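See structure below.
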Amino acid sequence: MTITIEAVYEQGVLRLSQPIPLAEGTRVEVTVISTEAKPQNKTPREILAQIAAMPLEVSNDKFSGRDHDTILYPPHSAT
C-alpha cells in the first residue's frame, strides 16, 4: 500500500495532517520530500557561473534554438 500524506516535523516527530488506515504497530518505510524551498545563499557570481556552464544545445534535441521563430511564428498558409 502506498499513501501520500502531508506532515509537519515538530520537536523531532513527524505529525501527520490526517489519520491513516494502518493497524497500530505496523512498520512503514518513510521517504521525506520537503515542500519548502531551501535558500540557495549563492553569490551573483556563482549563479552566473552556473548559468554560463549550461550547454546551449544538445545534439539530440528535437528543438533547436534556430527553430525558435518558426515555432512561435509559423508561416501563414496561402488561402
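Residues in the C-alpha cells are numbered from 1 in each chain, the chains being A, B, ... in the order shown, and ligands are numbered from 1 in the order shown.
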Task: All helix (DSSP H, G or I) residues (DSSP, backbone) inside chain A, as JSON, numbers by chain - done: {"A": [44, 45, 46, 47, 48, 49, 50, 51, 52, 65, 66, 67, 68, 69, 70, 71, 72]}
TODO: For Gln18 (chain A), please output as an MDAnalysis selection string all residues within 10 Å (counting only C-alpha atoms; exclusion window: fewer than 4 positions along the same chain).
DONE: chainID A and resid 5:7
Write the residues of the selection above to a file with N, CA and C atoms, as a compact mmCIF listing (two decimals), in the first residue's frame.
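Below you can see result11.txt, which holds the result:
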# COMPACT_ATOMS: atom_id res chain seq x y z
N ILE A 5 0.82 11.63 2.11
CA ILE A 5 0.12 12.47 3.08
C ILE A 5 1.05 13.58 3.53
N GLU A 6 0.50 14.70 3.82
CA GLU A 6 1.29 15.83 4.29
C GLU A 6 1.55 15.68 5.78
N ALA A 7 2.71 16.13 6.21
CA ALA A 7 3.06 16.07 7.63
C ALA A 7 3.91 17.29 7.97
Open item on the list: Based on the backbone DSSP call, show me all residues of chain A assigned strand (DSSP E), as number ranges by chain.
Closed with: A: 7-10, 13-16
With all heavy atoms kept, could you save the residues just selected as a tab-separated table (two decimals), in the first residue's frame?
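Ended up saving to part_2.tsv:
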chain	number	residue	atom	x	y	z
A	7	ALA	N	2.71	16.13	6.21
A	7	ALA	CA	3.06	16.07	7.63
A	7	ALA	C	3.91	17.29	7.97
A	7	ALA	O	4.46	17.94	7.09
A	7	ALA	CB	3.82	14.79	7.93
A	8	VAL	N	4.00	17.57	9.27
A	8	VAL	CA	4.83	18.67	9.77
A	8	VAL	C	5.83	18.07	10.75
A	8	VAL	O	5.46	17.25	11.59
A	8	VAL	CB	3.97	19.75	10.47
A	8	VAL	CG1	4.84	20.84	11.06
A	8	VAL	CG2	2.94	20.33	9.51
A	9	TYR	N	7.08	18.48	10.62
A	9	TYR	CA	8.12	18.00	11.53
A	9	TYR	C	8.17	18.94	12.73
A	9	TYR	O	8.44	20.13	12.58
A	9	TYR	CB	9.46	17.97	10.80
A	9	TYR	CG	10.59	17.39	11.61
A	9	TYR	CD1	10.62	16.03	11.89
A	9	TYR	CD2	11.60	18.19	12.08
A	9	TYR	CE1	11.66	15.49	12.62
A	9	TYR	CE2	12.64	17.66	12.82
A	9	TYR	CZ	12.67	16.30	13.09
A	9	TYR	OH	13.70	15.77	13.82
A	10	GLU	N	7.87	18.42	13.92
A	10	GLU	CA	7.87	19.23	15.14
A	10	GLU	C	8.55	18.47	16.27
A	10	GLU	O	8.17	17.33	16.56
A	10	GLU	CB	6.43	19.56	15.58
A	10	GLU	CG	5.67	20.43	14.60
A	10	GLU	CD	4.23	20.65	15.05
A	10	GLU	OE1	3.66	19.79	15.75
A	10	GLU	OE2	3.69	21.68	14.68
A	13	VAL	N	9.51	14.87	15.68
A	13	VAL	CA	8.47	13.91	15.32
A	13	VAL	C	7.70	14.42	14.11
A	13	VAL	O	7.40	15.60	14.00
A	13	VAL	CB	7.48	13.72	16.50
A	13	VAL	CG1	6.34	12.79	16.13
A	13	VAL	CG2	8.20	13.23	17.73
A	14	LEU	N	7.37	13.52	13.16
A	14	LEU	CA	6.51	13.88	12.05
A	14	LEU	C	5.06	13.79	12.51
A	14	LEU	O	4.61	12.74	12.95
A	14	LEU	CB	6.73	12.94	10.86
A	14	LEU	CG	8.05	13.11	10.11
A	14	LEU	CD1	8.24	12.00	9.10
A	14	LEU	CD2	8.09	14.46	9.42
A	15	ARG	N	4.33	14.90	12.40
A	15	ARG	CA	2.92	14.94	12.79
A	15	ARG	C	2.11	14.93	11.50
A	15	ARG	O	2.16	15.87	10.71
A	15	ARG	CB	2.61	16.19	13.61
A	15	ARG	CG	1.18	16.25	14.10
A	15	ARG	CD	0.90	17.48	14.96
A	15	ARG	NE	1.32	18.72	14.36
A	15	ARG	CZ	0.62	19.42	13.45
A	15	ARG	NH1	-0.54	18.96	13.04
A	15	ARG	NH2	1.08	20.56	12.98
A	16	LEU	N	1.33	13.86	11.27
A	16	LEU	CA	0.54	13.72	10.05
A	16	LEU	C	-0.64	14.69	10.07
A	16	LEU	O	-1.21	14.98	11.11
A	16	LEU	CB	0.04	12.28	9.91
A	16	LEU	CG	1.11	11.18	9.90
A	16	LEU	CD1	0.46	9.82	9.78
A	16	LEU	CD2	2.11	11.41	8.80
- [ ] Tell me which of A:Gln11, A:Ser17, A:Thr2, A:Gln50 sits closest to Thr31 (chain A), counting only C-alpha atoms.
- [x]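 Closest to Thr31 (chain A), using only C-alpha atoms: A:Thr2.
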TODO: Could you check how far CA of Glu36 (chain A) sits from CA of Ile51 (chain A), in Å to one decimal?
DONE: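 According to the coordinates, CA of Glu36 (chain A) and CA of Ile51 (chain A) are separated by 23.2 Å.
The gap separating CA of Val30 (chain A) from CA of Met1 (chain A) is 12.5 Å, in Å to one decimal.
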